[in-house]
Each structure stands twice: as C-alpha cells, then as structure tokens.
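J.: The structure is given below, and queries will be raised subsequently.
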Number of protein chains: 2
Amino acid sequence: MALLTLSRFALGSSVSRLTKQLVTVTRPVAVARVSTSNVQRESSTSGRSHSQNFSSTDVDGAGGTRSRFFVGGALLLGGIGLTAYTKFVNNSECATAKTTKSAGDSLSAAEKAGLPIKGLPEYSQEEVAKHKTPDKGIWMTYKNGVYDVTSFMKAHPGGGKIWLAAGGSLEPFWALYAVHKSDEVFEILEEYRIGNYQDADKIKHKDLSDPFANDPYRHPALRVNSEKPFNAEPPPSLLVDSFVTPNELFFVRNHLPVPQCDMQNFKLRVEVPGKKTINLSMDNLKKNFKEHTIMATMQCAGNRRSQMSGYKTVKGLSWRYGAISTAEWTGVKLRDLLLQAGLTEEDEAKFAHIQFEGLDKDASGGHYGSSIPFSVAMNPFRDVLVAYKMNGTDIPADHGCPLRVIIPGNIGARSVKWLYKIVASDQESPSHWQQNDYKSFNPSVDFGQLDYKTAPAIQEYPVQSAICTPRDGSKVDVDEEKVTIKGYAWSGGGRGILRVDVSVDGGKEWHVAELQDAGQKISRVWAWTLWEAEIPIPKDHGGKLDICCKAIDSSHNVQPDTMKGIWNVRGLLNTAWHRIHVGVVQEE
Amino acid sequence: MALLTLSRFALGSSVSRLTKQLVTVTRPVAVARVSTSNVQRESSTSGRSHSQNFSSTDVDGAGGTRSRFFVGGALLLGGIGLTAYTKFVNNSECATAKTTKSAGDSLSAAEKAGLPIKGLPEYSQEEVAKHKTPDKGIWMTYKNGVYDVTSFMKAHPGGGKIWLAAGGSLEPFWALYAVHKSDEVFEILEEYRIGNYQDADKIKHKDLSDPFANDPYRHPALRVNSEKPFNAEPPPSLLVDSFVTPNELFFVRNHLPVPQCDMQNFKLRVEVPGKKTINLSMDNLKKNFKEHTIMATMQCAGNRRSQMSGYKTVKGLSWRYGAISTAEWTGVKLRDLLLQAGLTEEDEAKFAHIQFEGLDKDASGGHYGSSIPFSVAMNPFRDVLVAYKMNGTDIPADHGCPLRVIIPGNIGARSVKWLYKIVASDQESPSHWQQNDYKSFNPSVDFGQLDYKTAPAIQEYPVQSAICTPRDGSKVDVDEEKVTIKGYAWSGGGRGILRVDVSVDGGKEWHVAELQDAGQKISRVWAWTLWEAEIPIPKDHGGKLDICCKAIDSSHNVQPDTMKGIWNVRGLLNTAWHRIHVGVVQEE
C-alpha cells in the first residue's frame, strides 16, 4: 500500500507516516519483499497502475535531445515494490569522511552495491558524464560503482524519468522512487558494473585561475540556466514525485562563485553593537544551542520568470517553474543566537534589521548579503534557523556549506548561504541584492526608470502554484477519458494552502484538487502543498486542453488571472495562474 | 496648513500628528481663527482649493433622489478654516448621562451651540427625518438643537457632501470636516435654530412587539441594504475624507436584532473548561486589566458583493464598496483575560479554538457566535482586544455596546458584537455563521452543491482596494487636464500596503498612488491605507476613462484582475481590481 500511497498521495495519516519515516530513517533499510503479482493487484485496484502512470507521463528533460529517449520506467528497472520509503543520503562536500567497507559475504546485496571493487577501471565524473546517449553508451553511478546500463535501457523501451540519471548518479532518483532499494534490484544493478567511481577527484581537472574552480559537481538532471555563477532547476515533473526534494535535485541559485570554507578555523560571528559579539565554532553552535528541525520550501523570487518574458520581455535568469524545492533543515534558532549576543525583544527601535553575510564574494571583495526585519528574526513563532543540515546531511557545497540562514516563508534570496556573519543594525543590509535587486515595480516602469530607493526589498512570498505534469505541449489519449494533473502550491509567511482549483478549459469550469501537505497546520506552514487532480476530458475538447491552476492561501489571498497587473521589468514574483496547453489525440 | 494637510493628506509626520490629535483631543476645542483670505492663499499655493475639491466631487448619495441636490459645500457653510482637527463625541446609547449646562454669557459660541433653549418647540428624530428636501424644508440637528437650514442651502448652490446630513445630525460631518468648529460657524448656525431635539426618545414610538424595537437611531447618510436586521454602509466618498470613520457613519452589519443589555447586572463570562471560569463586571474589566488602544479597520467579507453580482448573480446583502470603516478601539487584550482564566501558551492541543457569543439571538434563542484559532487569540503580537470604546466613546448600540471582541485583520463577522461569553474549546464555534456561512467555494460550485463542511471558515482578509471618488458614471471636465482619484486599500493579518497602482485606461498604463497610512509600520498594520492619485487625462480618452486600482500588500500579495477565478455563490471576498467608468466632457 505504501507504493500506492506514494504514487497517489492519499491525505492525512498516511502522508504523516511517510514524512515521519523520512525523518527517522537515515539510511537505506532492508525491506520486506513483495511479489510482482501483489503490486499489480494493488495497482489495478486503484484503477491505474504505477507503470501506466509513468508511461503516460512525459518528462521535462534537462537537455533538448533527451526527451526523445525516455526508456525504461523507474518501476521497470526494479520490477517490484516494497513497503518502506527511505531517505537518500547525500554525497555532501561537507560530509564527514565515509567509512569504506570491503565487500564481504556477510553483507546483503543492498549493502554490497556500489562498494569499490579491486581491479576494475577507475572513472572520473567527467568520463561518466560523457555517456548519456545510446550511441555513446548510457552510464550511471551508484556510490562508488559505475554501471553501463545501455543494454538494459534499450531492452526496456517506454517512458520513464530514470533517463534523467544518464551520465550521473542514480541516488537522487532512488530517493524519489524508493521501490528500487531492494536486494533484487541491487543484484540486477551489479550485473552492469563496469568500474569504480572516483568521486574524490571532483575539482582536480579544473582551471584554478577560474574563480568558479571550487564549484562542486552537479547532477546532470538539473536544467542549467547559467553555468557561472551556477543556476539550475530540476525538471518540474520530478518535484511532485516527492514531498522532500533530494539534495542533488534541489534547485541551485548562486549569485557568485561557491566559496571554499576553511572548516578547521571557521567561526560564525554574531554581532550586536554596544552589546556583545560572539564567535561560534561549529562544535560550539551544535553543543550549546537547542537543535530545531523544520520542513521548509525555498523558492527563488524569479521562479516562473520565463513565462513572464513570454508576456513581455524581462531581464534575469530564465527560470521555468522549477526554481522551488523543499527540504528538511536542521540547525539552531537565529533568535537564540541573538539572545545570546545580548539582543532583547525591547531592542527593535535600535536594531530594526538583522543583517547576514555569506562567504561568497564578488570581484571587488564584496560579500553576498541580506537582511530581515527584527520582528521576523526575534519572533519565536517565525522559526528562522541557522541551519547546518539539509535533509539529514551536512549542507552540500551548492546550498551553503557549512551554514545557511533559513528564513522560511520569504524569498530564497534572503536565506544567505555560506553564512559567516550576523549583525544587528538600524539599517537594512547594504548589499546589492538587498538594495538594488529583488525589488518589484509596477508594470509601467521600464529599464532606465528604475529607482530602487522607492521600492521595498521583497521579503515574504505571495501565494503561488504551478502545474508540473503533464508537460506543456504534450499529448493525452482521448481514450483515457481523464487527465491527471499534478503540481505544487505554496504561500509565504507561513500561510498554508486552503484550496487549489484546476481547470482544463481555460478557467470556465474549476475542479478542486486533492492536497498533500504532510500534515502541516494551517498557520506556520513553511513547506509547500503538493496537489493532484483527475479531470474528465471534456467532450468538446476541440483537440486540446487549456489547463490552468490557481491556489488560495489561508488568508484567502489568490493568484492574479494574468500577468497584466504584475508584470515587472525584473520578472520577479510571477504568480499569475499557471497555464499549459496539452493536445488531445486518438492513439491507435 | 492643517486644512491643506487634511484635504491632500500629505504623508508622514503631518499625518501622525493628525492621528495624535485625534487620539488626544476628546472634545471640541476653541481654536485659533484664521481669516478667509489666509485659507484662500494657502489653497491656491496647493494649486487646488478645498472648495474646488468639493464642487468637483460628486457624492454617492444614500438615496437616489438626493444626488441631484448637492447644495452648499461643507466649506461654504463655514467659510473659514481652523488649525485643529477635533474629535466627534458620539451620542452613544451606552454613554453615561450627559450633564446639561444652561447657556450663559461665560460660554463661547461653540460651547453654547446646541444647548437646550427654553420655550422652543421640541422635535423628535422622526419629525426631523421628514425634512430633508427643499420642498419639505431641510432640517439638521446639532446636539440638542434643531435647525432649519433650507434658506442657507438654497443660497449656496453647488456640490457638497453636507447634503447627506439633511434630516439628521451634523455632528459626524463636522468630525470629518473640522473646519466648521469655530465660534463664527456656530454663531451662524444658531441663526437657523428652530427647536430643541428630543434625542432621549429614540425608541419611544416603536412597536414593542417587533423584535427590532430596540434598534437604535441611525444617521440618514447611511445607505441601507437591509432594515431588519439593519445593514447599511456610508457613501464611499465620505470614507476617504477621514482616516478614522465617525461612529455614526461606520458601516453596520447586524445579523439579528440589536439586543438590550442590562448594564447593571452585566458580566462577561470567560470560561476555560477544567481550569477557571471568571465573570467580570465592566468595572472589574476596566480596573484589573491593562488598557490597550489600536487603530483597526473592520471590513465585511461581503464588501463589494454588488459588483460580484454584476459578473454573475450571487446571494447575500448587496453591499457596494462601503462595508468597511476604521475606528480606534480601546479595551483589554483577549490574551490577558484568557491567561487570567488559567489558559497557558502550552494549551493549544487541548483548546485549539476560542469561541465568542454575543447577546443577539435568533427566533430560536440561538446566539450569534464565532471562533478564532488559539494561536491568534494567544499571540501577544496579534492585538486581539475585548473593546469597550470606539473612537473614544462607549461603543454605540449598533456596534456592540457594551463589549465587542476586535479581531484585527480578520473579516468583520468574527468580531462578535454585544460580547458576553468567551469559551476555550477543542471545537470551532457551532454557530451558523461559523459553520454554514462566511465560507468560500470555487467558481464552479453553485447553490444546491454547497457542502459547508468542505470549506474552512474565513478568518484573515486578503488584500483589497477600491476607488471611492470620483463616482462611477460621473463626468470630468477635459479642461481640468487631470483627474484626482481617491480610495482605500487594506489587507488582513496585519500586512501593510506596499503600493497602490491606479490606471485610467483599463490597466494599460499604471500610476503609483500617494499613500496615507497614519504612520503604521509595515507589519501589524491593522488599519487601512488611504490613497490618492492625480493622473493626466490621456489625449486619446475617447470620451471616457476606464479607471481601475489594485493594491499590493507587504507579502506582495495582489488582487486578481477579474472575478473569473474568485466568483463564489455567496459573493464573499470580492477583491478583483476595482473598476469604474467616468465620462470626459467639455464643460462650457
């Protein structure tokens, strides 16, 4: 049932249970075996099998050529189901050294998979990345193993998101589709083993005169909007397959090169002028402050910008609708650090702003920075964290290793990565990104007229939603009679999602979607709500469906119908109804 | 300068100063005299005189016939200016008995005006109300005076909102336009004195078998949507003339007859099951708990419903856009009462809801009621009050005398009037208005399909704005070259207004309005923001202006373009862009 629950995301306790497992299970577990026939029986009860689900779902490929080659459904690769949903342990740059075990008969197939095997050739990431098409061979990695799965993929044609792992790691996909983590699957996988994976040499061959030389390895499934600085988003269709986004698939929004942190000497500086300045080592931070964990969604203020450009050209990175992801963040409360440095609740008049700086620097040596209002930083219910873990592992290099301040409910730009300094001030952060970016203007203000002093720095996010599947421009078979639509919805400031309305006729008739919110309350809701609607294909479809969605948050705020009133030259906060078009065809 | 400041509502300190005066000056004060020429000089400096302002402003008349008769500008009646803005002391049903002074030479004209004069005929409200047209005579009252101002009004033709006082009291208008409160004006006024006003006999002649027999006198300027129960709104053009709405012009939304309160024996019951039940007399409440004052806007969830019906018919009272008003509320924090009754911050799991009941009852004896979440009631920053004063006076009968719970930032329906009982519970209020009303559905749900159990009770308001002047369907003179547009904007949950955009071409070009927010911060903003935009009449106006406005709140939430996505069968929360049409004419 867990498989079905996952694929159809039933509400309430089952989702809470899944979330709980996510939180408590920190490494792959050996699981009960379920026969193929069992799974098929369960699937047919639901009226739709999991494999049908995959094969009818197109994938937003990271590269233009890939979308033609979706072979081997994720389920086909495994062929069996299981009852536990396990957590992906991320290869973090900051992770403490992994203990390498030599393979022995006492280990299960799942435990043995991916361990180094003496005598096999060694392959670098660069080498693996070259093999992602049938003509060049399809290679994938799992832990320290390199696998050539070309013949397997060719033998299992059909749709499937597993293709997105080609030339990269299988691990984030197996975090999404836990069904594969069984001994049987690992035994099959090892049959394709061709070598060992040198994951230690990630930056060895890079040009060290390049300021981006320290940038880490990224998973090839990410769609890259900018290489330097690195900005990339996961395919939206993957986002809705898991409430939590695996770290390797989490969207990356870097403004500057990824900095290197001297972990031996690193200290976080917390400064309250006229009171105290404290310098905290990582050990000190972890030992002397209470640890908190929140599930929070991070969204770039520029998410869905490319669609705004479709209305009228804007300037900025051309994000589609994947500049949003959800993780479980663990750390200490910012409030606790500020209290320790002598700040009190009565200090708002003197210290209206709490400023942050990251280790990342521009050519002139200026650091990335932001600030938030005192009332947000000091509010005990606002849950602002100085986080050191992301989905249970040390924060990866691209996401702020070793520390990131997490301002849940605000735009991502305020959650400074590589955090090394916190200062209480009577001024907002002087940083370019607080003063002269991430501000919104009315639709009649064009370039050359931007007076950043007249607009406030964007903090909380308005209500947002998007359709992640089906893909814009794809086709549905009229004989299916129904179309299944999935997406996300989220609002800032801790406002939960009350309802998501979905239409297949451009907004004439609206259907209420089923919601998955992982049991979050209606206030202090920091994470998104995933949703799904199964809508009959109207008889008068005219060969196409004009699909749109809109969400309502707990304050009954709504999304605007169009971009007419929200268009802004910087392309920020595009929250207009998300619209896609899908063809209706008669398949033979 | 105060006059100019008021009429043009300059921002910042001057507004704060006005607000402060509003708070501190609780009775009409004798003020410095300013000559007419001084006022005219100041007005011309601003490029527009106050009287021009009035004469170019049409008034949303309470009755259909009135709008043809706007004679005598408010300024014309006085003809002079003054430098203080004074507060209207409301004739409250609950007010303690007024001390009547006999007129004597030691009193100023302002102090003498409206005192009873021996030997003059006595007139009831009913009698005064009959005189509101030139043919029947135009009567108005001020304190205990009745005045026949027919000849004055006829001698001063022109536009002017003072007409709305015909057949009723001048007092709320003089609260709006404080310029009149000078000795000279009161001397002129007393020349029109014809009698004494029996304001004590308000309900003497009513049919006591009528459950609405206790309903109080209402000012004739209110536009009545329903007599029994009484529901009425002020003309929107008056709303924007003062940051605070005078009590007599504050919109009234009653669900049931106005109850009579036995003030001698009245006690507020605060009940936390398993802990304490406390019963508080008014004296006890005022003496034993800290007094707090907040400026807060109240808005009916049905405000702007009539416009929603213009899109597609909805059910409910046909509110235009005046079901919103702002007052200064004084009382004690609900949180303090609950703490006194033994509730603690740790009790949320047991008492998720705080329920309220009012003294007003339906035919079956059921009380009006509501509830709010524990986290709202107990949040020290949420400022929920149990109020006993409205704009400095005891709360008037129509507004909840003696107690009203004020849930700032929520829909008005949750702020229970005539409050007598507060109960902590694990359930929401069982009241009809919590369970089966004030809930919103998607646009495809029609009558007969309403399943109230599937929708949450509306609590916080989304972002809203409306144009109060010019009036829809009015005309502007092309030679004026510009059109001045005024309105209000407000958002729920304490979210301030960041920006108001106004367009005169249906949304092609947007202008940023000047804001008046009385110095409120950007968070915990409980009161509205008034706004004003002076926009050039476009050369290609084609004889009409398609004026629309939209506001952006501190979370960057926006209003939807149209009602297409928010239409709901109950006509609630119409926050679509407000649109009006105004003709452009060449006056001779």
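Chain labels run A, B, ... following the order of the structure tokens; each chain numbers its residues from 1, and ligands are numbered from 1 in the order shown.
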Which chain B residues are at most 6 Å from chain A (counting only C-alpha atoms), as a PyMOL selection string?

T.: chain B and resi 444+460-462+509-510+555-557+560-561

J.: I'd like the neighbourhood of B:Phe243 as a PyMOL selection string, where a residue qualifies if any of its atoms comes within 9 Å (using only C-alpha atoms), though same-chain residues fewer than 4 positions away should be ignored.

T.: chain B and resi 19+239+326-327+516-518+527-530

J.: Measuring between only C-alpha atoms, which one of B:Met263, B:Ala110, B:Val483, B:Ala424 shows the shortest distance to B:Ile188?

T.: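 Looking only at the distances to B:Ile188, the closest residue turns out to be B:Ala110.
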
J.: Between atom CA of A:Thr313 and atom CA of B:Asp505, what is the distance, to one decimal in Å?

T.: 21.8 Å

J.: Kindly indicate which residue among A:Ile194, A:Ile537, A:Leu268, A:Leu545 lies nearest to A:Gly506, using only C-alpha atoms for the distances.

T.: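 Of all the options, A:Leu545 lies closest to A:Gly506.
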
J.: Using only C-alpha atoms, determine which residues lie at most 12 Å from B:His399, disregarding the query and same-chain residues fewer than 2 positions distant; provide the list as a ChimeraX atom specification.

T.: /B:92-94,215-216,218,230-231,247-255,258-259,298,325,327,329,358,360,387-391,393-397,401-406,412,415-419

J.: Write to file, as a short mmCIF file (atom, residue, chain, number, x, y, z; two decimals), in the first residue's frame, the residues of the selection just made, with N, CA and C atoms.

T.:
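Below is the file that was written, again-v7.cif:
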```
data_model
loop_
_atom_site.label_atom_id
_atom_site.label_comp_id
_atom_site.auth_asym_id
_atom_site.auth_seq_id
_atom_site.Cartn_x
_atom_site.Cartn_y
_atom_site.Cartn_z
N SER B 92 -23.80 58.00 22.27
CA SER B 92 -23.90 56.55 22.39
C SER B 92 -25.07 56.16 23.26
N GLU B 93 -25.71 55.07 22.90
CA GLU B 93 -26.78 54.50 23.71
C GLU B 93 -26.23 54.15 25.09
N CYS B 94 -24.96 53.77 25.10
CA CYS B 94 -24.35 53.31 26.34
C CYS B 94 -23.71 54.44 27.12
N ASP B 215 -33.79 48.54 18.24
CA ASP B 215 -32.75 49.05 17.34
C ASP B 215 -32.63 50.56 17.50
N PRO B 216 -31.41 51.06 17.51
CA PRO B 216 -31.18 52.49 17.76
C PRO B 216 -31.43 53.34 16.52
N ARG B 218 -30.37 55.61 13.48
CA ARG B 218 -29.21 55.60 12.57
C ARG B 218 -29.17 56.88 11.75
N PHE B 230 -30.60 45.38 10.60
CA PHE B 230 -30.11 46.59 9.97
C PHE B 230 -28.70 46.40 9.39
N ASN B 231 -28.59 46.75 8.13
CA ASN B 231 -27.30 46.67 7.44
C ASN B 231 -27.16 47.87 6.53
N ASN B 247 -18.28 57.38 14.31
CA ASN B 247 -19.12 56.24 14.70
C ASN B 247 -20.46 56.20 13.97
N GLU B 248 -21.08 57.38 13.78
CA GLU B 248 -22.41 57.41 13.16
C GLU B 248 -22.37 57.04 11.69
N LEU B 249 -21.19 57.12 11.08
CA LEU B 249 -21.06 56.78 9.66
C LEU B 249 -20.39 55.42 9.45
N PHE B 250 -19.99 54.80 10.53
CA PHE B 250 -19.33 53.48 10.45
C PHE B 250 -20.35 52.47 9.90
N PHE B 251 -19.93 51.64 8.95
CA PHE B 251 -20.88 50.69 8.37
C PHE B 251 -21.44 49.76 9.46
N VAL B 252 -22.70 49.35 9.28
CA VAL B 252 -23.37 48.50 10.26
C VAL B 252 -23.71 47.17 9.60
N ARG B 253 -23.24 46.07 10.21
CA ARG B 253 -23.60 44.74 9.70
C ARG B 253 -24.16 43.96 10.88
N ASN B 254 -25.48 43.98 11.01
CA ASN B 254 -26.15 43.21 12.06
C ASN B 254 -26.78 41.96 11.46
N HIS B 255 -26.65 40.86 12.16
CA HIS B 255 -27.26 39.61 11.68
C HIS B 255 -28.62 39.37 12.33
N VAL B 258 -30.79 44.23 17.41
CA VAL B 258 -29.85 44.76 18.41
C VAL B 258 -30.38 44.39 19.80
N PRO B 259 -29.59 43.69 20.61
CA PRO B 259 -30.08 43.26 21.93
C PRO B 259 -30.01 44.40 22.94
N MET B 298 -12.36 47.57 10.03
CA MET B 298 -13.29 46.44 10.03
C MET B 298 -13.86 46.37 8.62
N SER B 325 -14.82 50.30 7.39
CA SER B 325 -14.65 51.55 8.15
C SER B 325 -13.50 51.34 9.13
N ALA B 327 -11.82 52.52 12.96
CA ALA B 327 -12.01 53.18 14.25
C ALA B 327 -10.82 52.89 15.15
N TRP B 329 -10.05 51.52 18.64
CA TRP B 329 -10.72 50.64 19.61
C TRP B 329 -9.90 50.58 20.89
N GLY B 358 -22.41 36.50 21.30
CA GLY B 358 -22.98 37.83 21.51
C GLY B 358 -24.35 37.71 22.15
N ASP B 360 -26.99 39.01 21.02
CA ASP B 360 -28.04 38.97 19.98
C ASP B 360 -28.45 37.54 19.68
N ALA B 387 -13.02 45.11 23.41
CA ALA B 387 -13.08 46.58 23.41
C ALA B 387 -14.34 47.08 24.07
N TYR B 388 -14.19 48.21 24.78
CA TYR B 388 -15.36 48.90 25.35
C TYR B 388 -15.48 50.33 24.85
N LYS B 389 -14.51 50.77 24.06
CA LYS B 389 -14.59 52.10 23.48
C LYS B 389 -14.32 52.06 21.99
N MET B 390 -15.03 52.92 21.28
CA MET B 390 -14.88 53.04 19.82
C MET B 390 -14.71 54.53 19.55
N ASN B 391 -13.57 54.89 19.06
CA ASN B 391 -13.26 56.31 18.83
C ASN B 391 -13.45 57.14 20.10
N THR B 393 -15.39 56.83 22.69
CA THR B 393 -16.65 56.84 23.44
C THR B 393 -17.06 55.39 23.70
N ASP B 394 -18.01 55.22 24.62
CA ASP B 394 -18.55 53.87 24.82
C ASP B 394 -19.03 53.35 23.46
N ILE B 395 -18.89 52.06 23.25
CA ILE B 395 -19.28 51.51 21.94
C ILE B 395 -20.78 51.73 21.73
N PRO B 396 -21.19 52.33 20.60
CA PRO B 396 -22.62 52.57 20.33
C PRO B 396 -23.40 51.26 20.20
N ALA B 397 -24.71 51.36 20.37
CA ALA B 397 -25.59 50.18 20.35
C ALA B 397 -25.39 49.33 19.09
N CYS B 401 -22.33 47.57 21.97
CA CYS B 401 -22.41 48.01 23.36
C CYS B 401 -22.84 46.90 24.30
N PRO B 402 -22.16 46.61 25.38
CA PRO B 402 -21.01 47.35 25.89
C PRO B 402 -19.65 46.80 25.42
N LEU B 403 -19.60 45.56 24.90
CA LEU B 403 -18.30 44.95 24.56
C LEU B 403 -18.32 44.34 23.16
N ARG B 404 -17.25 44.54 22.44
CA ARG B 404 -17.08 43.84 21.17
C ARG B 404 -15.66 43.28 21.12
N VAL B 405 -15.56 42.02 20.70
CA VAL B 405 -14.21 41.49 20.52
C VAL B 405 -13.72 41.96 19.15
N ILE B 406 -12.53 42.51 19.11
CA ILE B 406 -11.97 43.05 17.87
C ILE B 406 -10.83 42.13 17.43
N GLY B 412 -14.96 40.98 9.40
CA GLY B 412 -15.75 41.56 10.48
C GLY B 412 -16.61 40.56 11.24
N SER B 415 -15.57 39.33 14.65
CA SER B 415 -15.50 40.29 15.76
C SER B 415 -16.90 40.44 16.37
N VAL B 416 -17.24 39.52 17.23
CA VAL B 416 -18.61 39.42 17.77
C VAL B 416 -18.96 40.67 18.59
N LYS B 417 -20.12 41.27 18.25
CA LYS B 417 -20.65 42.42 18.99
C LYS B 417 -21.41 41.92 20.21
N TRP B 418 -21.73 42.84 21.12
CA TRP B 418 -22.53 42.52 22.31
C TRP B 418 -21.98 41.27 23.01
N LEU B 419 -20.67 41.19 23.03
CA LEU B 419 -19.96 40.02 23.57
C LEU B 419 -20.31 39.79 25.04
#
```

J.: Excluding stretch 339-348 of chain B and its own-chain neighbours fewer than 2 positions away, which residues fall within 7 Å of it when counting only C-alpha atoms? Please give them as a list of chain:residue names.

T.: B:Val270, B:Glu271, B:Val272, B:Lys275, B:Lys276, B:Thr277, B:Ile278, B:Arg335, B:Asp336, B:Leu337, B:Lys350, B:Phe351, B:Ala352, B:Phe374, B:Met378

J.: Name all residues at most 8 Å from B:Asn225 (count only C-alpha atoms; drop same-chain ones fewer than 3 positions away) and give them as an NGL selection string.

T.: :B and (230-233 or 317-319)

J.: Please list as a list in words every residue within 8 Å of A:Val584, counting only C-alpha atoms and excluding residues in the same chain fewer than 4 positions away.

T.: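 Residues meeting the cut-off are Lys475, Val476, Asp477, Val478, His541, Gly542, Gly543, Lys544 and Leu545 of chain A.
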